[in-house]
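Shown below: model38.cif, with mmCIF, C-alpha atoms.
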```
data_my_file
loop_
_atom_site.group_PDB
_atom_site.id
_atom_site.type_symbol
_atom_site.label_atom_id
_atom_site.label_comp_id
_atom_site.auth_asym_id
_atom_site.auth_seq_id
_atom_site.Cartn_x
_atom_site.Cartn_y
_atom_site.Cartn_z
ATOM 1 C CA MET E 832 218.183 205.067 287.486
ATOM 2 C CA LEU E 833 218.366 203.847 291.039
ATOM 3 C CA SER E 834 219.325 205.737 294.154
ATOM 4 C CA VAL E 835 220.494 203.886 297.258
ATOM 5 C CA ARG E 836 221.382 205.189 300.696
ATOM 6 C CA LEU E 837 224.317 203.364 302.237
ATOM 7 C CA PRO E 838 225.309 203.179 305.879
ATOM 8 C CA LYS E 839 228.285 205.487 306.530
ATOM 9 C CA GLU E 840 230.716 202.632 307.197
ATOM 10 C CA LEU E 841 229.818 200.875 303.957
ATOM 11 C CA GLU E 842 230.145 204.136 302.058
ATOM 12 C CA LYS E 843 233.605 204.676 303.578
ATOM 13 C CA LYS E 844 234.710 201.194 302.514
ATOM 14 C CA LEU E 845 233.445 201.810 299.007
ATOM 15 C CA GLU E 846 235.229 205.166 298.856
ATOM 16 C CA ARG E 847 238.533 203.612 300.033
ATOM 17 C CA LEU E 848 238.290 200.796 297.506
ATOM 18 C CA SER E 849 237.492 203.271 294.754
ATOM 19 C CA LYS E 850 240.519 205.413 295.581
ATOM 20 C CA ILE E 851 242.904 202.468 295.898
ATOM 21 C CA THR E 852 241.857 200.909 292.594
ATOM 22 C CA LYS E 853 241.113 204.116 290.688
ATOM 23 C CA ARG E 854 237.735 202.664 289.704
ATOM 24 C CA SER E 855 234.391 204.326 290.208
ATOM 25 C CA LYS E 856 232.139 203.551 293.143
ATOM 26 C CA SER E 857 229.449 202.717 290.598
ATOM 27 C CA PHE E 858 231.693 200.032 289.114
ATOM 28 C CA PHE E 859 231.950 198.228 292.458
ATOM 29 C CA VAL E 860 228.274 198.639 293.300
ATOM 30 C CA LYS E 861 227.263 197.149 289.931
ATOM 31 C CA GLU E 862 229.777 194.307 290.269
ATOM 32 C CA ALA E 863 228.674 193.465 293.809
ATOM 33 C CA LEU E 864 224.990 193.611 292.888
ATOM 34 C CA GLU E 865 225.479 191.433 289.826
ATOM 35 C CA ASN E 866 227.363 188.782 291.819
ATOM 36 C CA GLN E 867 224.836 188.806 294.651
ATOM 37 C CA LEU E 868 221.866 188.555 292.297
ATOM 38 C CA GLU E 869 223.447 185.574 290.506
ATOM 39 C CA ASP E 870 223.942 183.829 293.846
ATOM 40 C CA LEU E 871 220.363 184.574 294.912
ATOM 41 C CA GLU E 872 218.981 183.270 291.611
ATOM 42 C CA ASP E 873 220.938 180.032 292.063
ATOM 43 C CA PHE E 874 219.809 179.723 295.679
ATOM 44 C CA TYR E 875 216.120 180.175 294.884
ATOM 45 C CA ALA E 876 216.303 177.813 291.888
ATOM 46 C CA ALA E 877 217.839 175.128 294.121
ATOM 47 C CA LEU E 878 215.296 175.794 296.860
ATOM 48 C CA ASP E 879 212.481 175.414 294.343
ATOM 49 C CA ILE E 880 213.836 172.058 293.165
ATOM 50 C CA LEU E 881 214.353 170.770 296.711
ATOM 51 C CA SER E 882 210.860 171.803 297.785
ATOM 52 C CA LYS E 883 209.196 169.558 295.191
ATOM 53 C CA ALA E 884 207.814 166.340 296.642
ATOM 54 C CA ASN E 885 209.466 164.067 294.068
ATOM 55 C CA SER E 886 212.919 165.667 294.346
ATOM 56 C CA LYS E 887 215.840 163.314 294.805
ATOM 57 C CA TYR E 888 219.054 164.634 296.239
ATOM 58 C CA TYR E 889 222.321 163.035 297.250
ATOM 59 C CA THR E 890 224.933 163.502 299.925
ATOM 60 C CA THR E 891 228.480 164.421 298.987
ATOM 61 C CA GLU E 892 229.567 160.932 300.005
ATOM 62 C CA GLU E 893 227.016 159.318 297.669
ATOM 63 C CA ILE E 894 228.177 161.426 294.743
ATOM 64 C CA GLU E 895 231.848 160.703 295.445
ATOM 65 C CA LYS E 896 231.103 156.993 295.663
ATOM 66 C CA SER E 897 229.180 157.011 292.366
ATOM 67 C CA LEU E 898 232.109 158.791 290.701
ATOM 68 C CA ASN E 899 234.714 156.501 292.325
ATOM 69 C CA TYR E 900 236.256 159.640 293.795
ATOM 70 C CA GLU E 901 238.535 159.507 296.821
ATOM 71 C CA LEU E 902 240.427 162.291 298.543
#
```
As structure tokens - that is how I would like this structure written.
Amino acid sequence: MLSVRLPKELEKKLERLSKITKRSKSFFVKEALENQLEDLEDFYAALDILSKANSKYYTTEEIEKSLNYEL
């Protein structure tokens, strides 16, 4: 079990969304937290890879060129 205090404005937004959609506030909190945690995991995994001395990374232009991709 986790208890979180929200700023009043955020709580109001959550309450409005809950009423409009007829879904629980808990549903939206869990969904938002899950999405944010996935993004943070991806971010830190990428940061870890980029921080390694032997990392090789490419620009968008280099990738497009290697794929023969043109807009």
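Take atom CA of E:Val860 and atom CA of E:Leu841: the distance between them is 11.0 Å.
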Report, as JSON, the centre and edge lengths in Å (one decimal) of the axis-aligned box enclosing every listed atom of stretch 840-844 of chain E, padded by 8 Å on each side.
```
{"center_x": 232.3, "center_y": 202.8, "center_z": 304.6, "size_x": 20.9, "size_y": 19.8, "size_z": 21.1}
```
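The set of residues that the PyMOL selection byres ((chain E and resi 833) around 12) takes from this file is Met832, Ser834, Val835, Arg836, Ser857, Val860 and Lys861 of chain E.
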**Message:** For a test of reading the model, state the distance in Å between atom CA of E:Glu901 and atom CA of E:Tyr889, rounded to one decimal.
**Reply:** 16.6 Å
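Note that atom CA of E:Leu864 and atom CA of E:Glu846 are 16.6 Å apart.
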**Asked** What's the 12 Å shell around E:Thr891, counting only C-alpha atoms, without same-chain residues fewer than 6 positions away, as a PyMOL selection string?
**Response** chain E and resi 897-898+900-901
**Request:** Pick out the closest residue to E:Leu845 from this set: E:Glu895, E:Glu869, E:Phe858, E:Ala876. Count all atoms listed in the file.
**Result:** E:Phe858
